[in-house]
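File shown: run12.cif. Contents: mmCIF, C-alpha atoms and all ligand atoms.
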```cif
data_model
#
loop_
_atom_site.group_PDB
_atom_site.id
_atom_site.type_symbol
_atom_site.label_atom_id
_atom_site.label_comp_id
_atom_site.auth_asym_id
_atom_site.auth_seq_id
_atom_site.Cartn_x
_atom_site.Cartn_y
_atom_site.Cartn_z
ATOM 1 C CA MET M 26 62.674 159.219 112.731
ATOM 2 C CA SER M 27 64.595 156.989 110.279
ATOM 3 C CA ALA M 28 63.725 157.112 106.595
ATOM 4 C CA PRO M 29 61.443 154.348 105.306
ATOM 5 C CA LEU M 30 63.266 151.240 104.085
ATOM 6 C CA ARG M 31 63.235 150.759 100.308
ATOM 7 C CA ILE M 32 62.398 147.160 99.566
ATOM 8 C CA VAL M 33 62.515 145.077 96.400
ATOM 9 C CA LEU M 34 60.569 141.832 96.564
ATOM 10 C CA VAL M 35 61.713 138.886 94.459
ATOM 11 C CA GLY M 36 59.181 136.133 93.763
ATOM 12 C CA THR M 37 55.555 135.957 92.741
ATOM 13 C CA GLY M 38 54.351 132.989 94.803
ATOM 14 C CA ARG M 39 52.423 132.707 98.051
ATOM 15 C CA ALA M 40 55.002 134.092 100.467
ATOM 16 C CA ALA M 41 55.815 136.988 98.118
ATOM 17 C CA ARG M 42 52.149 137.899 97.815
ATOM 18 C CA HIS M 43 51.441 137.965 101.560
ATOM 19 C CA LEU M 44 54.715 139.671 102.497
ATOM 20 C CA GLY M 45 54.341 142.140 99.634
ATOM 21 C CA ALA M 46 50.842 143.100 100.773
ATOM 22 C CA ALA M 47 52.048 143.617 104.351
ATOM 23 C CA ILE M 48 55.002 145.735 103.176
ATOM 24 C CA ALA M 49 52.809 147.770 100.810
ATOM 25 C CA LYS M 50 50.423 148.785 103.570
ATOM 26 C CA GLY M 51 53.149 149.487 106.144
ATOM 27 C CA PRO M 52 55.519 152.416 106.714
ATOM 28 C CA HIS M 53 58.192 151.255 104.244
ATOM 29 C CA THR M 54 58.444 151.562 100.468
ATOM 30 C CA LEU M 55 57.870 148.597 98.174
ATOM 31 C CA MET M 56 59.987 149.809 95.253
ATOM 32 C CA ALA M 57 59.393 146.891 92.915
ATOM 33 C CA VAL M 58 58.525 143.232 92.463
ATOM 34 C CA ALA M 59 60.775 141.002 90.358
ATOM 35 C CA GLY M 60 60.112 137.459 89.170
ATOM 36 C CA ARG M 61 61.111 135.054 86.436
ATOM 37 C CA ASP M 62 57.698 135.112 84.774
ATOM 38 C CA ALA M 63 56.936 138.546 83.281
ATOM 39 C CA GLU M 64 53.162 138.150 83.367
ATOM 40 C CA ARG M 65 52.996 136.966 86.983
ATOM 41 C CA THR M 66 55.446 139.718 87.967
ATOM 42 C CA ARG M 67 53.313 142.419 86.315
ATOM 43 C CA ALA M 68 50.173 140.991 87.944
ATOM 44 C CA LEU M 69 51.641 140.974 91.466
ATOM 45 C CA ALA M 70 53.239 144.398 91.025
ATOM 46 C CA GLY M 71 49.823 145.728 89.918
ATOM 47 C CA GLU M 72 48.091 144.109 92.899
ATOM 48 C CA LEU M 73 50.653 145.666 95.258
ATOM 49 C CA ASN M 74 50.570 149.037 93.521
ATOM 50 C CA THR M 75 54.269 149.034 92.661
ATOM 51 C CA SER M 76 56.477 148.511 89.584
ATOM 52 C CA PRO M 77 57.598 145.269 87.987
ATOM 53 C CA ALA M 78 61.386 144.884 87.718
ATOM 54 C CA ASP M 79 63.759 142.682 85.791
ATOM 55 C CA LEU M 80 65.598 140.113 87.920
ATOM 56 C CA ARG M 81 68.918 141.083 86.290
ATOM 57 C CA SER M 82 68.568 144.833 86.863
ATOM 58 C CA LEU M 83 67.024 145.488 90.261
ATOM 59 C CA PRO M 84 66.873 149.102 91.501
ATOM 60 C CA PRO M 85 70.389 149.625 92.927
ATOM 61 C CA GLU M 86 69.301 151.831 95.839
ATOM 62 C CA ALA M 87 67.236 149.156 97.617
ATOM 63 C CA ASP M 88 67.891 148.787 101.358
ATOM 64 C CA ILE M 89 66.524 145.236 101.275
ATOM 65 C CA VAL M 90 66.140 142.705 98.466
ATOM 66 C CA LEU M 91 63.738 140.141 99.896
ATOM 67 C CA ILE M 92 63.958 136.862 97.975
ATOM 68 C CA ALA M 93 60.750 134.874 98.483
ATOM 69 C CA VAL M 94 61.298 132.053 95.991
ATOM 70 C CA SER M 95 61.303 128.260 96.381
ATOM 71 C CA ASP M 96 64.132 127.116 98.677
ATOM 72 C CA ALA M 97 65.858 125.239 95.846
ATOM 73 C CA ALA M 98 66.041 128.418 93.724
ATOM 74 C CA ILE M 99 67.320 130.850 96.385
ATOM 75 C CA GLY M 100 71.039 130.352 95.570
ATOM 76 C CA GLU M 101 70.581 130.707 91.819
ATOM 77 C CA VAL M 102 68.384 133.801 92.170
ATOM 78 C CA ALA M 103 70.789 135.428 94.670
ATOM 79 C CA LYS M 104 73.722 134.938 92.302
ATOM 80 C CA GLY M 105 71.725 136.220 89.345
ATOM 81 C CA ILE M 106 70.715 139.581 90.853
ATOM 82 C CA GLY M 107 74.274 140.982 90.876
ATOM 83 C CA PRO M 108 76.042 142.959 93.629
ATOM 84 C CA GLN M 109 73.809 144.801 96.136
ATOM 85 C CA ASN M 110 74.704 147.543 98.598
ATOM 86 C CA GLY M 111 71.785 146.744 100.853
ATOM 87 C CA VAL M 112 70.685 143.629 102.677
ATOM 88 C CA VAL M 113 69.757 140.530 100.699
ATOM 89 C CA ALA M 114 67.471 138.174 102.600
ATOM 90 C CA HIS M 115 65.439 135.049 101.951
ATOM 91 C CA THR M 116 62.221 133.990 103.687
ATOM 92 C CA SER M 117 62.882 130.325 104.398
ATOM 93 C CA GLY M 118 62.842 128.689 107.824
ATOM 94 C CA ALA M 119 64.848 125.706 106.643
ATOM 95 C CA SER M 120 67.709 127.241 104.633
ATOM 96 C CA THR M 121 70.999 128.868 105.604
ATOM 97 C CA TYR M 122 71.584 132.486 104.667
ATOM 98 C CA ASP M 123 74.853 131.380 103.114
ATOM 99 C CA LEU M 124 72.765 130.404 100.092
ATOM 100 C CA LEU M 125 72.861 134.158 99.490
ATOM 101 C CA LEU M 126 76.661 134.319 99.126
ATOM 102 C CA PRO M 127 78.486 136.371 97.889
ATOM 103 C CA HIS M 128 76.188 139.149 99.188
ATOM 104 C CA PRO M 129 77.908 140.470 102.324
ATOM 105 C CA HIS M 130 74.807 141.716 104.177
ATOM 106 C CA ARG M 131 72.792 138.535 103.833
ATOM 107 C CA GLY M 132 70.096 137.327 106.172
ATOM 108 C CA VAL M 133 66.723 135.748 106.758
ATOM 109 C CA LEU M 134 63.246 137.024 107.484
ATOM 110 C CA TRP M 135 61.057 133.974 108.058
ATOM 111 C CA PRO M 136 57.345 134.324 108.828
ATOM 112 C CA ILE M 137 56.320 131.597 111.273
ATOM 113 C CA GLN M 138 52.942 131.330 109.620
ATOM 114 C CA THR M 139 51.303 129.293 106.886
ATOM 115 C CA LEU M 140 50.932 131.493 103.798
ATOM 116 C CA GLY M 141 48.450 129.928 101.411
ATOM 117 C CA GLY M 142 46.057 131.175 98.753
ATOM 118 C CA GLY M 143 43.156 133.502 99.532
ATOM 119 C CA ASP M 144 43.146 137.037 100.871
ATOM 120 C CA ALA M 145 46.381 138.711 101.970
ATOM 121 C CA LEU M 146 46.993 137.846 105.609
ATOM 122 C CA ASP M 147 47.203 140.377 108.384
ATOM 123 C CA LEU M 148 50.724 139.725 109.699
ATOM 124 C CA GLY M 149 49.985 141.546 112.987
ATOM 125 C CA GLY M 150 51.304 139.372 115.823
ATOM 126 C CA VAL M 151 52.873 136.782 113.506
ATOM 127 C CA PRO M 152 56.395 135.980 114.731
ATOM 128 C CA LEU M 153 58.967 136.978 112.125
ATOM 129 C CA ALA M 154 62.272 135.195 112.741
ATOM 130 C CA VAL M 155 65.324 137.193 111.754
ATOM 131 C CA ASP M 156 68.999 136.346 111.392
ATOM 132 C CA GLY M 157 71.912 137.850 109.485
ATOM 133 C CA ALA M 158 75.584 137.527 108.660
ATOM 134 C CA THR M 159 76.388 141.119 109.710
ATOM 135 C CA PRO M 160 75.060 143.493 112.384
ATOM 136 C CA GLN M 161 73.679 145.683 109.558
ATOM 137 C CA ALA M 162 71.684 142.773 108.142
ATOM 138 C CA VAL M 163 70.219 141.843 111.533
ATOM 139 C CA GLU M 164 69.403 145.448 112.407
ATOM 140 C CA VAL M 165 67.650 146.263 109.133
ATOM 141 C CA LEU M 166 65.697 142.995 109.009
ATOM 142 C CA GLU M 167 64.688 143.288 112.661
ATOM 143 C CA ARG M 168 63.377 146.788 111.966
ATOM 144 C CA LEU M 169 61.335 145.577 109.002
ATOM 145 C CA ALA M 170 60.018 142.574 110.967
ATOM 146 C CA ARG M 171 58.991 144.766 113.901
ATOM 147 C CA ASP M 172 57.155 147.165 111.603
ATOM 148 C CA LEU M 173 55.395 144.364 109.704
ATOM 149 C CA SER M 174 54.068 142.356 112.617
ATOM 150 C CA GLY M 175 55.161 143.839 115.929
ATOM 151 C CA TYR M 176 56.798 140.498 116.760
ATOM 152 C CA ALA M 177 60.414 140.216 115.599
ATOM 153 C CA ILE M 178 62.604 137.518 117.086
ATOM 154 C CA VAL M 179 66.284 136.956 116.325
ATOM 155 C CA LEU M 180 66.941 133.219 115.969
ATOM 156 C CA SER M 181 70.263 131.595 115.120
ATOM 157 C CA GLU M 182 70.325 129.110 112.269
ATOM 158 C CA ALA M 183 70.221 126.137 114.670
ATOM 159 C CA GLU M 184 67.280 127.666 116.559
ATOM 160 C CA ARG M 185 65.458 128.467 113.326
ATOM 161 C CA ARG M 186 65.848 124.899 112.063
ATOM 162 C CA THR M 187 64.388 123.590 115.336
ATOM 163 C CA VAL M 188 61.450 126.004 115.123
ATOM 164 C CA HIS M 189 60.934 124.996 111.489
ATOM 165 C CA LEU M 190 60.714 121.325 112.487
ATOM 166 C CA ALA M 191 58.291 122.247 115.279
ATOM 167 C CA ALA M 192 56.229 124.275 112.779
ATOM 168 C CA VAL M 193 55.941 121.263 110.474
ATOM 169 C CA LEU M 194 54.680 119.163 113.414
ATOM 170 C CA THR M 195 52.229 121.908 114.413
ATOM 171 C CA SER M 196 50.831 122.785 111.006
ATOM 172 C CA ASN M 197 51.657 120.445 108.132
ATOM 173 C CA PHE M 198 50.993 117.061 109.762
ATOM 174 C CA PRO M 199 47.638 117.958 111.333
ATOM 175 C CA VAL M 200 46.515 119.541 108.042
ATOM 176 C CA PHE M 201 47.449 116.390 106.132
ATOM 177 C CA LEU M 202 45.581 114.247 108.664
ATOM 178 C CA VAL M 203 42.474 116.430 108.289
ATOM 179 C CA GLY M 204 42.671 115.755 104.542
ATOM 180 C CA GLN M 205 42.886 112.009 105.202
ATOM 181 C CA ALA M 206 39.925 112.228 107.594
ATOM 182 C CA GLN M 207 37.834 114.046 104.969
ATOM 183 C CA ARG M 208 38.758 111.394 102.412
ATOM 184 C CA LEU M 209 37.455 108.683 104.769
ATOM 185 C CA LEU M 210 34.143 110.509 105.080
ATOM 186 C CA GLN M 211 33.846 111.159 101.342
ATOM 187 C CA ARG M 212 34.509 107.498 100.538
ATOM 188 C CA ARG M 213 31.473 106.607 102.637
ATOM 189 C CA GLY M 214 29.346 109.420 101.189
ATOM 190 C CA LEU M 215 29.418 111.465 104.421
ATOM 191 C CA PRO M 216 29.632 115.291 104.393
ATOM 192 C CA HIS M 217 33.213 116.434 104.996
ATOM 193 C CA ASP M 218 32.112 119.561 106.851
ATOM 194 C CA LEU M 219 31.089 117.367 109.802
ATOM 195 C CA LEU M 220 34.639 117.903 111.087
ATOM 196 C CA GLY M 221 34.824 121.710 110.795
ATOM 197 C CA PRO M 222 33.680 122.692 114.299
ATOM 198 C CA LEU M 223 35.868 119.928 115.792
ATOM 199 C CA TRP M 224 38.978 121.258 113.992
ATOM 200 C CA GLN M 225 38.291 124.845 115.078
ATOM 201 C CA ARG M 226 37.556 123.956 118.698
ATOM 202 C CA THR M 227 40.635 121.727 118.866
ATOM 203 C CA ALA M 228 42.944 124.583 117.804
ATOM 204 C CA ALA M 229 41.171 126.991 120.172
ATOM 205 C CA ASN M 230 41.534 124.544 123.098
ATOM 206 C CA VAL M 231 45.244 124.031 122.405
ATOM 207 C CA MET M 232 45.709 127.807 122.522
ATOM 208 C CA ALA M 233 43.531 128.212 125.631
ATOM 209 C CA VAL M 234 44.734 125.367 127.847
ATOM 210 C CA GLY M 235 47.766 123.826 126.066
ATOM 211 C CA PRO M 236 48.052 120.492 124.215
ATOM 212 C CA GLU M 237 48.349 118.384 127.359
ATOM 213 C CA ALA M 238 44.956 119.441 128.730
ATOM 214 C CA ALA M 239 43.353 119.722 125.260
ATOM 215 C CA LEU M 240 44.093 116.127 124.243
ATOM 216 C CA THR M 241 41.066 113.802 124.307
ATOM 217 C CA GLY M 242 40.201 110.550 122.527
ATOM 218 C CA PRO M 243 40.564 106.781 122.867
ATOM 219 C CA ALA M 244 44.385 106.687 123.093
ATOM 220 C CA ARG M 245 44.398 109.285 125.869
ATOM 221 C CA ARG M 246 41.746 107.244 127.713
ATOM 222 C CA GLY M 247 43.477 103.913 127.062
ATOM 223 C CA ASP M 248 40.333 102.603 125.328
ATOM 224 C CA GLN M 249 41.733 99.457 123.652
ATOM 225 C CA ALA M 250 38.383 98.246 122.249
ATOM 226 C CA THR M 251 37.771 101.464 120.284
ATOM 227 C CA ILE M 252 41.360 101.532 119.045
ATOM 228 C CA GLN M 253 41.081 97.959 117.748
ATOM 229 C CA ALA M 254 37.814 98.833 115.998
ATOM 230 C CA HIS M 255 39.477 101.829 114.306
ATOM 231 C CA LEU M 256 42.434 99.705 113.175
ATOM 232 C CA GLU M 257 39.989 97.219 111.629
ATOM 233 C CA LEU M 258 38.121 100.028 109.852
ATOM 234 C CA LEU M 259 41.459 101.127 108.365
ATOM 235 C CA GLY M 260 42.207 97.563 107.229
ATOM 236 C CA ASP M 261 42.838 98.300 103.538
ATOM 237 C CA ASP M 262 44.502 101.666 104.140
ATOM 238 C CA THR M 263 47.941 100.455 105.163
ATOM 239 C CA ASP M 264 49.778 103.795 105.437
ATOM 240 C CA LEU M 265 47.041 105.509 107.443
ATOM 241 C CA ARG M 266 46.690 102.370 109.607
ATOM 242 C CA ALA M 267 50.435 102.454 110.363
ATOM 243 C CA ALA M 268 50.270 106.186 111.155
ATOM 244 C CA TYR M 269 47.229 105.642 113.415
ATOM 245 C CA ARG M 270 49.002 102.826 115.269
ATOM 246 C CA LEU M 271 52.215 104.822 115.751
ATOM 247 C CA LEU M 272 50.503 108.002 116.958
ATOM 248 C CA THR M 273 48.211 105.970 119.230
ATOM 249 C CA THR M 274 51.225 104.152 120.700
ATOM 250 C CA MET M 275 52.986 107.488 121.343
ATOM 251 C CA ILE M 276 49.918 108.923 123.106
ATOM 252 C CA MET M 277 49.365 105.752 125.175
ATOM 253 C CA LYS M 278 53.023 105.643 126.256
ATOM 254 C CA ALA M 279 52.863 109.304 127.246
ATOM 255 C CA HIS M 280 49.777 108.585 129.396
ATOM 256 C CA GLY M 281 50.914 105.333 130.982
ATOM 257 C CA HIS M 282 48.702 102.921 129.007
ATOM 258 C CA PRO M 283 49.956 99.657 127.416
ATOM 259 C CA ALA M 284 50.542 99.922 123.632
ATOM 260 C CA PRO M 285 47.739 98.537 121.375
HETATM 261 N N1 LIG F 301 54.019 129.456 101.892
HETATM 262 C C1 LIG F 301 54.350 129.412 103.174
HETATM 263 O O1 LIG F 301 53.552 129.015 104.040
HETATM 264 C C2 LIG F 301 55.708 129.916 103.620
HETATM 265 C C3 LIG F 301 55.851 130.310 104.955
HETATM 266 C C4 LIG F 301 57.084 130.782 105.377
HETATM 267 C C5 LIG F 301 58.148 130.827 104.493
HETATM 268 N N2 LIG F 301 57.983 130.417 103.202
HETATM 269 C C6 LIG F 301 59.157 130.472 102.314
HETATM 270 O O2 LIG F 301 58.894 131.371 101.256
HETATM 271 C C7 LIG F 301 59.624 130.963 100.090
HETATM 272 C C8 LIG F 301 58.657 130.859 98.910
HETATM 273 O O3 LIG F 301 57.692 129.891 99.217
HETATM 274 P P1 LIG F 301 56.205 129.960 98.597
HETATM 275 O O4 LIG F 301 55.328 129.155 99.511
HETATM 276 O O5 LIG F 301 55.854 131.347 98.277
HETATM 277 O O6 LIG F 301 56.425 129.142 97.255
HETATM 278 P P2 LIG F 301 55.543 129.209 95.917
HETATM 279 O O7 LIG F 301 54.187 129.764 96.181
HETATM 280 O O8 LIG F 301 55.682 127.870 95.297
HETATM 281 O O9 LIG F 301 56.332 130.275 95.020
HETATM 282 C C9 LIG F 301 57.642 130.022 94.638
HETATM 283 C C10 LIG F 301 58.172 131.211 93.880
HETATM 284 O O10 LIG F 301 59.533 130.915 93.528
HETATM 285 C C11 LIG F 301 59.707 131.235 92.156
HETATM 286 N N3 LIG F 301 60.800 130.448 91.600
HETATM 287 C C12 LIG F 301 60.971 129.101 91.661
HETATM 288 N N4 LIG F 301 62.097 128.750 91.016
HETATM 289 C C13 LIG F 301 62.644 129.905 90.545
HETATM 290 C C14 LIG F 301 63.815 130.203 89.787
HETATM 291 N N5 LIG F 301 64.665 129.234 89.418
HETATM 292 N N6 LIG F 301 64.045 131.500 89.487
HETATM 293 C C15 LIG F 301 63.207 132.485 89.865
HETATM 294 N N7 LIG F 301 62.091 132.258 90.591
HETATM 295 C C16 LIG F 301 61.822 130.992 90.918
HETATM 296 C C17 LIG F 301 58.380 130.892 91.533
HETATM 297 O O11 LIG F 301 58.312 131.504 90.294
HETATM 298 P P3 LIG F 301 57.152 131.078 89.236
HETATM 299 O O12 LIG F 301 55.878 131.667 89.757
HETATM 300 O O13 LIG F 301 57.630 131.692 87.968
HETATM 301 O O14 LIG F 301 57.120 129.571 89.210
HETATM 302 C C18 LIG F 301 57.433 131.501 92.569
HETATM 303 O O15 LIG F 301 57.357 132.886 92.403
HETATM 304 C C19 LIG F 301 60.293 129.624 100.441
HETATM 305 O O16 LIG F 301 61.631 129.858 100.822
HETATM 306 C C20 LIG F 301 59.490 129.140 101.640
HETATM 307 O O17 LIG F 301 60.255 128.317 102.501
HETATM 308 C C21 LIG F 301 56.784 129.963 102.740
#
```

Spit out the file's structure as structure tokens when you get a sec.
Amino acid sequence: MSAPLRIVLVGTGRAARHLGAAIAKGPHTLMAVAGRDAERTRALAGELNTSPADLRSLPPEADIVLIAVSDAAIGEVAKGIGPQNGVVAHTSGASTYDLLLPHPHRGVLWPIQTLGGGDALDLGGVPLAVDGATPQAVEVLERLARDLSGYAIVLSEAERRTVHLAAVLTSNFPVFLVGQAQRLLQRRGLPHDLLGPLWQRTAANVMAVGPEAALTGPARRGDQATIQAHLELLGDDTDLRAAYRLLTTMIMKAHGHPAP
């Protein structure tokens, strides 16, 4: 059996917290957590039962330095940590691993999951997309990904960017629309939790029967009268009205109905 991987986690935000918790409870060794803010670094290291480290003097024997910081900071942080013998990886779906130059064994470990506040997520079954500039980087990151979730997938940069776009369509846009829907209810003094069971059942149906069969609603049915009534209700909300009209038009086109 191979020795456990020794991992240093860089970052104290959402991704770092969830990935750190998964690493800490798995078969590998979370050697340290490093971040730019000493207090947040100490707090996360304490939560994960490991040591805080200074960004400029990471433990040199790490097999993986996993940089889970904001995309815009990855390059600066990678340059600042000095030469590493092991693999240096970031956790972004949208960024090239060349942000990690000049580290030779650079790569990516991207969780295809939304990592928000709240309890540490169970990463079991969550696809972890891996890529790397060298066979060593891919091999080590694939091993870690497999041990964290049981679902490692090697994706090239072009593939990863496509999956990232698809992930935004799947997660971010619907979540934003739910927020807009709740705002509509609140403005009229209606309880926002009216939509909870609908949101949960919708996601469950998409998983059970696929989006094509799960789609319901006036645009799918070609119900012009209801659509016009909704557009009128959105009269003073120009952005949401435009979004409603565009999405409705896309659905109606896809189902052979004339556009509203
Ligand atoms: N959250 C998700 O759903 C998710 C999912 C998959 C992948 N990711 C990826 O994970 C990475 C981190 O995202 P996140 O959601 O965890 O972001 P986040 O919660 O906003 O945390 C960002 C982290 O980056 C640190 N940081 C920012 N600028 C820095 C700098 N110049 N030097 C050092 N540290 C710096 C922040 O430090 P401070 O705390 O000191 O500000 C914080 O620890 C991103 O590449 C993102 O694409 C996120």

Once you count all atoms listed in the file, which residues end up within 7 Å of ligand LIG 301 (chain F), and could you hand them over as a ChimeraX atom specification?
-> /M:36-41,60-62,65,93-96,98,101-102,115-119,135-141

Within 8 Å of Val58 (chain M) using only C-alpha atoms, minus same-chain residues under 2 positions, as a PyMOL selection string | chain M and resi 33-37+55-56+60+66+69-70+75-78

Excluding region 261-271 of chain M and residues on its chain fewer than 5 positions from it, collect all residues at most 12 Å away from it, counting only C-alpha atoms, and give them as a PyMOL selection string.
-> chain M and resi 198+201-206+208-209+243-244+249+252-256+276-278+284-285

Atomic distance CA of Thr159 (chain M) - CA of Leu126 (chain M), expressed in Å with one decimal = 12.6 Å

Quote the spacing between CA of Arg168 (chain M) and CA of Ile89 (chain M) in Å to one decimal place.
-> 11.3 Å

From the list M:Val112, M:Ile178, M:Leu146, M:Leu83, which residue is nearest His130 (chain M) when using all atoms listed in the file?
-> M:Val112

Residues near Arg131 (chain M), cut-off 8 Å, only C-alpha atoms, skip fewer than 6 positions along chain, as a PyMOL selection string | chain M and resi 112-114+122-123+125+157-159+162

Target residues per the PyMOL selection byres (((chain M and resi 154) around 8) and not hetatm), formatted as JSON, numbers by chain | {"M": [133, 134, 135, 136, 137, 152, 153, 155, 156, 170, 177, 178, 179, 180, 185]}

note - CA of Gln161 (chain M) and CA of Gly111 (chain M) are separated by 9.0 Å

Which of M:Leu80, M:Leu124, M:Val165, M:Ala191 sits closest to Ile99 (chain M) [using all atoms listed in the file] =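 When distances to Ile99 (chain M) are compared using all atoms listed in the file, the smallest one comes from M:Leu124.
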
With only C-alpha atoms as the atoms that count, which of M:Gly51, M:Leu166, M:Gln211, M:His280 lies nearest to Leu240 (chain M)?
-> M:His280

Can you turn the PyMOL selection byres (((chain M and resi 86) around 8) and not hetatm) into a concrete residue list for this file, as a list in words?
->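 Output of the PyMOL selection byres (((chain M and resi 86) around 8) and not hetatm): Arg31, Pro84, Pro85, Ala87, Asp88, Asn110 and Gly111 of chain M.
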